[in-house]
>>> print(open('work-v1.txt').read())   # compact mmCIF, C-alpha atoms and all ligand atoms
# COMPACT_ATOMS: atom_id res chain seq x y z
CA MET A 1 7.65 -37.80 6.66
CA THR A 2 8.51 -34.89 4.43
CA ASN A 3 8.88 -34.02 0.76
CA LEU A 4 11.64 -31.55 1.59
CA ARG A 5 15.30 -32.05 0.86
CA ILE A 6 18.31 -30.43 2.46
CA GLY A 7 18.84 -27.04 0.82
CA ASP A 8 15.18 -26.52 -0.14
CA ARG A 9 13.67 -23.12 0.61
CA ALA A 10 10.74 -23.47 3.01
CA ALA A 11 8.09 -21.27 4.59
CA VAL A 12 6.77 -21.95 8.08
CA TYR A 13 3.13 -22.63 8.88
CA PHE A 14 2.92 -21.08 12.33
CA TYR A 15 0.01 -23.06 13.82
CA LEU A 16 1.06 -26.12 15.81
CA VAL A 17 -1.72 -28.63 15.15
CA CYS A 18 -2.08 -32.35 15.92
CA GLY A 19 -2.97 -33.65 12.47
CA GLN A 20 -5.16 -36.34 14.05
CA CYS A 21 -8.36 -34.79 15.39
CA GLN A 22 -11.63 -34.43 13.48
CA TRP A 23 -10.84 -30.81 12.53
CA CYS A 24 -7.34 -31.56 11.30
CA ARG A 25 -8.55 -34.57 9.32
CA GLY A 26 -11.56 -32.64 8.08
CA GLY A 27 -9.53 -29.87 6.48
CA ARG A 28 -10.16 -27.24 9.15
CA GLU A 29 -6.92 -27.59 11.09
CA THR A 30 -6.96 -24.07 12.60
CA LEU A 31 -9.77 -25.40 14.82
CA CYS A 32 -7.55 -28.27 16.08
CA GLU A 33 -8.80 -29.56 19.43
CA ASN A 34 -5.26 -30.41 20.54
CA PHE A 35 -3.89 -27.05 19.49
CA GLY A 36 -0.24 -26.61 20.48
CA GLY A 37 -0.04 -22.84 20.03
CA TYR A 38 1.84 -20.55 17.67
CA VAL A 39 5.40 -20.62 16.41
CA GLY A 40 7.07 -17.55 17.87
CA VAL A 41 4.78 -17.57 20.91
CA HIS A 42 4.65 -21.13 22.24
CA ARG A 43 7.82 -22.17 20.44
CA ASP A 44 10.88 -20.05 19.83
CA GLY A 45 11.28 -18.92 16.29
CA GLY A 46 11.12 -16.05 13.89
CA PHE A 47 14.11 -13.84 14.58
CA ALA A 48 16.50 -16.77 14.96
CA GLU A 49 19.23 -18.28 12.86
CA PHE A 50 17.92 -21.81 13.40
CA ILE A 51 14.49 -23.19 14.20
CA SER A 52 13.25 -26.67 15.05
CA LEU A 53 9.64 -27.63 14.23
CA PRO A 54 7.62 -30.68 13.16
CA SER A 55 8.45 -31.37 9.50
CA GLU A 56 4.75 -30.86 8.61
CA ASN A 57 5.14 -27.16 9.44
CA TYR A 58 7.61 -26.55 6.61
CA LEU A 59 6.14 -25.89 3.18
CA LYS A 60 8.26 -25.70 0.07
CA ILE A 61 8.44 -22.24 -1.51
CA PRO A 62 7.76 -22.28 -5.28
CA ASP A 63 10.98 -21.62 -7.24
CA SER A 64 9.69 -18.37 -8.72
CA LEU A 65 8.58 -16.91 -5.37
CA ASP A 66 10.98 -14.71 -3.39
CA TYR A 67 11.37 -14.93 0.39
CA GLU A 68 9.52 -11.69 1.12
CA SER A 69 6.48 -12.86 -0.83
CA ALA A 70 6.55 -16.25 0.93
CA ALA A 71 6.74 -14.50 4.32
CA VAL A 72 3.76 -12.31 3.48
CA ALA A 73 1.88 -15.34 2.08
CA ALA A 74 2.33 -17.05 5.46
CA ASP A 75 -0.04 -14.71 7.27
CA ALA A 76 -1.19 -11.52 5.55
CA VAL A 77 -2.35 -13.21 2.34
CA ASN A 78 -3.36 -16.75 3.30
CA THR A 79 -5.57 -15.42 6.12
CA ASN A 80 -7.43 -13.38 3.51
CA TRP A 81 -7.54 -16.27 1.06
CA HIS A 82 -9.27 -18.47 3.64
CA CYS A 83 -11.56 -15.67 4.84
CA MET A 84 -12.76 -14.56 1.44
CA ARG A 85 -13.16 -17.92 -0.23
CA GLU A 86 -14.41 -20.11 2.62
CA ARG A 87 -16.03 -17.75 5.11
CA ALA A 88 -17.14 -14.62 3.23
CA ARG A 89 -17.64 -16.59 -0.02
CA ILE A 90 -16.96 -13.62 -2.23
CA ASN A 91 -18.18 -13.56 -5.82
CA PRO A 92 -17.53 -11.14 -8.68
CA HIS A 93 -20.96 -9.56 -8.25
CA ASP A 94 -20.32 -8.76 -4.57
CA ILE A 95 -19.53 -5.44 -2.97
CA VAL A 96 -17.18 -5.96 -0.05
CA LEU A 97 -16.48 -3.65 2.86
CA LEU A 98 -13.02 -4.00 4.42
CA ILE A 99 -12.62 -2.34 7.82
CA GLY A 100 -8.95 -1.62 8.50
CA ALA A 101 -8.20 -1.89 4.78
CA GLY A 102 -5.02 0.16 5.03
CA GLY A 103 -3.36 -2.09 7.62
CA GLY A 104 -0.89 -4.88 6.95
CA LEU A 105 -3.59 -7.53 6.72
CA GLY A 106 -6.12 -5.22 5.10
CA VAL A 107 -4.06 -4.01 2.18
CA HIS A 108 -3.45 -7.62 1.14
CA GLY A 109 -7.17 -8.22 1.70
CA VAL A 110 -7.92 -5.54 -0.86
CA GLN A 111 -5.87 -7.44 -3.42
CA VAL A 112 -7.44 -10.82 -2.59
CA ALA A 113 -10.97 -9.35 -2.80
CA LYS A 114 -10.06 -7.95 -6.23
CA CYS A 115 -8.80 -11.44 -7.22
CA PHE A 116 -12.34 -12.67 -6.57
CA GLY A 117 -13.64 -9.85 -8.73
CA ALA A 118 -15.43 -7.89 -6.00
CA ARG A 119 -15.97 -4.15 -5.77
CA VAL A 120 -14.08 -3.03 -2.65
CA ILE A 121 -15.04 -0.31 -0.19
CA ALA A 122 -12.08 0.43 2.11
CA ALA A 123 -12.58 1.92 5.58
CA ASP A 124 -9.72 3.11 7.77
CA VAL A 125 -8.60 5.87 10.12
CA SER A 126 -6.24 8.01 8.01
CA ALA A 127 -5.98 9.46 4.52
CA GLU A 128 -2.55 7.85 4.23
CA LYS A 129 -3.91 4.35 4.89
CA LEU A 130 -6.83 4.89 2.54
CA ASP A 131 -4.45 6.09 -0.19
CA LEU A 132 -2.52 2.85 0.25
CA ALA A 133 -5.73 0.79 0.00
CA LYS A 134 -6.69 2.71 -3.13
CA ARG A 135 -3.27 2.19 -4.69
CA TRP A 136 -3.77 -1.57 -4.29
CA GLY A 137 -7.23 -1.65 -5.82
CA ALA A 138 -9.90 -0.27 -3.47
CA ASP A 139 -12.75 1.31 -5.43
CA ASP A 140 -14.20 3.55 -2.70
CA THR A 141 -12.93 4.77 0.65
CA ILE A 142 -14.44 5.75 4.01
CA ASN A 143 -12.38 7.81 6.48
CA VAL A 144 -13.57 6.82 9.95
CA ARG A 145 -11.48 9.40 11.79
CA ALA A 146 -12.78 12.21 9.60
CA GLY A 147 -16.18 11.52 11.12
CA ASP A 148 -17.68 9.31 8.41
CA ASP A 149 -20.26 6.90 9.84
CA VAL A 150 -19.26 3.63 8.19
CA ALA A 151 -22.69 2.02 7.84
CA LYS A 152 -24.25 5.27 6.62
CA GLU A 153 -21.49 5.81 4.04
CA VAL A 154 -21.81 2.21 2.89
CA LYS A 155 -25.54 2.69 2.28
CA ARG A 156 -24.82 5.89 0.36
CA LEU A 157 -22.24 4.11 -1.84
CA THR A 158 -24.48 1.11 -2.52
CA ASP A 159 -27.86 2.62 -3.45
CA ASN A 160 -29.01 1.96 0.10
CA ARG A 161 -28.55 -1.80 -0.24
CA GLY A 162 -25.47 -2.47 1.86
CA VAL A 163 -22.64 -4.89 1.13
CA GLN A 164 -22.68 -8.63 0.48
CA ALA A 165 -19.65 -9.08 2.72
CA ALA A 166 -18.15 -6.96 5.49
CA ILE A 167 -14.77 -8.04 6.82
CA ASP A 168 -13.37 -6.57 10.01
CA PHE A 169 -9.58 -6.65 10.32
CA VAL A 170 -9.63 -4.54 13.49
CA GLY A 171 -11.96 -6.66 15.61
CA HIS A 172 -13.28 -4.20 18.18
CA GLY A 173 -16.94 -4.21 19.20
CA GLU A 174 -17.37 -0.86 17.52
CA THR A 175 -15.80 -1.88 14.20
CA PHE A 176 -17.60 -5.21 14.01
CA GLN A 177 -20.86 -3.42 14.78
CA SER A 178 -20.21 -1.28 11.70
CA ALA A 179 -19.65 -4.45 9.68
CA ILE A 180 -22.97 -5.95 10.81
CA ASP A 181 -24.85 -2.69 10.28
CA SER A 182 -23.50 -2.43 6.72
CA LEU A 183 -24.84 -5.78 5.49
CA ALA A 184 -27.22 -6.20 2.58
CA THR A 185 -29.82 -8.96 2.40
CA GLY A 186 -27.91 -12.26 2.32
CA GLY A 187 -24.77 -10.48 3.56
CA ARG A 188 -21.94 -12.03 5.59
CA ALA A 189 -20.10 -10.20 8.39
CA VAL A 190 -16.75 -11.82 9.13
CA ILE A 191 -14.45 -11.06 12.04
CA VAL A 192 -10.73 -11.55 11.37
CA GLY A 193 -9.03 -9.08 13.72
CA ALA A 194 -8.58 -10.10 17.34
CA GLY A 195 -9.86 -7.12 19.31
CA ARG A 196 -12.24 -6.78 22.24
CA GLY A 197 -15.81 -5.70 22.76
CA SER A 198 -19.34 -6.77 22.03
CA VAL A 199 -21.98 -6.17 19.37
CA ALA A 200 -25.75 -5.99 19.16
CA PHE A 201 -27.91 -7.42 16.41
CA ASP A 202 -31.55 -8.06 15.74
CA PRO A 203 -32.23 -11.83 15.55
CA LEU A 204 -35.38 -11.29 13.50
CA GLY A 205 -33.38 -9.16 11.06
CA LEU A 206 -30.91 -12.03 10.61
CA LEU A 207 -33.80 -14.40 9.93
CA LEU A 208 -35.64 -12.17 7.50
CA HIS A 209 -32.50 -11.24 5.55
CA GLU A 210 -30.62 -14.53 5.92
CA GLN A 211 -27.52 -12.71 7.08
CA ILE A 212 -24.53 -14.48 8.53
CA ILE A 213 -22.27 -13.31 11.36
CA THR A 214 -19.17 -15.43 11.59
CA GLY A 215 -15.45 -15.61 12.23
CA SER A 216 -12.47 -16.63 10.13
CA ARG A 217 -9.37 -18.14 11.65
CA HIS A 218 -6.05 -17.97 9.76
CA SER A 219 -5.61 -20.59 7.00
CA THR A 220 -4.95 -24.25 6.45
CA ARG A 221 -1.67 -25.51 5.03
CA ALA A 222 -3.42 -26.34 1.75
CA GLU A 223 -4.60 -22.72 1.54
CA PHE A 224 -1.10 -21.52 2.37
CA ILE A 225 0.28 -23.55 -0.55
CA GLU A 226 -2.44 -22.14 -2.83
CA THR A 227 -1.57 -18.64 -1.62
CA MET A 228 2.11 -19.07 -2.48
CA ASN A 229 1.09 -20.32 -5.92
CA ILE A 230 -1.19 -17.37 -6.67
CA MET A 231 1.54 -15.00 -5.49
CA ALA A 232 4.05 -16.79 -7.72
CA ARG A 233 1.67 -15.97 -10.60
CA GLY A 234 1.73 -12.30 -9.57
CA LEU A 235 -1.98 -12.12 -8.69
CA VAL A 236 -1.24 -10.74 -5.22
CA LYS A 237 1.90 -8.78 -4.41
CA PRO A 238 3.62 -8.23 -1.07
CA VAL A 239 3.20 -4.71 0.29
CA ILE A 240 6.36 -3.98 2.27
CA GLY A 241 6.39 -0.60 3.99
CA LYS A 242 9.82 -0.93 5.55
CA ARG A 243 12.84 -3.20 5.44
CA VAL A 244 15.29 -3.42 8.33
CA HIS A 245 18.34 -5.50 9.10
CA PHE A 246 17.64 -8.08 11.84
CA THR A 247 19.87 -6.15 14.25
CA GLU A 248 17.31 -3.32 14.09
CA VAL A 249 14.15 -5.38 14.38
CA GLU A 250 12.98 -3.36 17.42
CA THR A 251 12.34 -0.36 15.19
CA LEU A 252 9.60 -2.34 13.45
CA PHE A 253 7.87 -2.99 16.77
CA GLU A 254 8.07 0.73 17.56
CA ASP A 255 6.45 1.50 14.21
CA LEU A 256 3.74 -1.07 14.90
CA LYS A 257 3.02 0.51 18.27
CA LYS A 258 2.82 3.96 16.70
CA GLN A 259 0.67 2.48 13.90
CA SER A 260 2.98 4.15 11.41
CA LEU A 261 4.01 1.05 9.47
CA LEU A 262 2.32 0.80 6.07
CA GLY A 263 1.83 -2.75 4.84
CA ARG A 264 4.17 -5.32 6.37
CA GLY A 265 7.67 -4.85 7.73
CA ALA A 266 10.45 -7.05 6.39
CA VAL A 267 13.49 -8.27 8.31
CA THR A 268 16.58 -8.92 6.23
CA TYR A 269 19.66 -10.95 7.11
CA GLU A 270 22.09 -9.57 4.55
ZN ZN B 301 -5.95 -31.50 15.45
>>> encode(input="work-v1.txt", output="structure tokens")
Amino acid sequence: MTNLRIGDRAAVYFYLVCGQCQWCRGGRETLCENFGGYVGVHRDGGFAEFISLPSENYLKIPDSLDYESAAVAADAVNTNWHCMRERARINPHDIVLLIGAGGGLGVHGVQVAKCFGARVIAADVSAEKLDLAKRWGADDTINVRAGDDVAKEVKRLTDNRGVQAAIDFVGHGETFQSAIDSLATGGRAVIVGAGRGSVAFDPLGLLLHEQIITGSRHSTRAEFIETMNIMARGLVKPVIGKRVHFTEVETLFEDLKKQSLLGRGAVTYE
């Protein structure tokens, strides 16, 4: 069953979920217990002229939304939409720390956090990435490579209180530790980046300050549709650092390896 017609423009939801289990039926389909994997990893797709997927994975692109925006909505924005509304529960009176704020996911996270009215503190490893985060709305910046201690800087910037939400787009033990150490009373530390490592925390501290340490996994299809709609209204814009023809797609991977790509890379077919 599908509401799509031949010729419609569609974006691809890249999680292959069953649609039947308690998580799928309960509106948390990224936790699907019969998870089939990712489009582009467990099914061919992406840099191909044709792709075959369950019809439920195609979502109609709003008429006023261009392809690049829809592509960025599909991962970089909808992941943030889910994280900030459902997991970090960001409010206009919150101060939010974003670790890795100048990366492809992070720079869209800055915009989504501003959509929710938060004050944003951006942490990253280069002046160039922090400039990018600032250009897209970050209020304060912390340069990790320049020797700034993230938690200490956060305390300095927040009258010693800490932040209501700390979101880690990098996902290493060290970065998530900084997120936890930066929390205010009632704060939420959310892991989004898939790195490696471990963290330490004081259970009594969690109890006394009612802090939450949690994860956020991608987005549901409903959130993806919402994301495309807010982008169609211009509330979040795609940050494209580089465009290449599909015959030169390898150059984007080289840039990713060198960590020199700002925002997202776009592949064009014309
Ligand atoms: Zn399922």
>>> residues_around(input="work-v1.txt", residues="Ser260 of chain A", least_positions_apart="3", cutoff="10 Å", atoms="all atoms listed in the file", output="VMD selection string")
chain A and resid 103 128 to 129 241 252 254 to 257 263
>>> residues_around(input="work-v1.txt", residues="Arg85 of chain A", least_positions_apart="3", cutoff="12 Å", atoms="all atoms listed in the file", output="NGL selection string")
:A and (78-82 or 88-92 or 109 or 112-113 or 115-118 or 165 or 190 or 216 or 219 or 223 or 226-227)
>>> atom_distance(input="work-v1.txt", atom1="atom CA of Met228 of chain A", atom2="atom CA of Glu270 of chain A")
23.2 Å
>>> closest_residue(input="work-v1.txt", among="A:Leu130, A:Val192, A:Ile99, A:Ala11", to="Ile225 of chain A", atoms="only C-alpha atoms")
A:Ala11
>>> residues_around(input="work-v1.txt", residues="Ile61 of chain A", least_positions_apart="6", cutoff="7 Å", atoms="all atoms listed in the file", output="ChimeraX atom specification")
/A:9-11,70
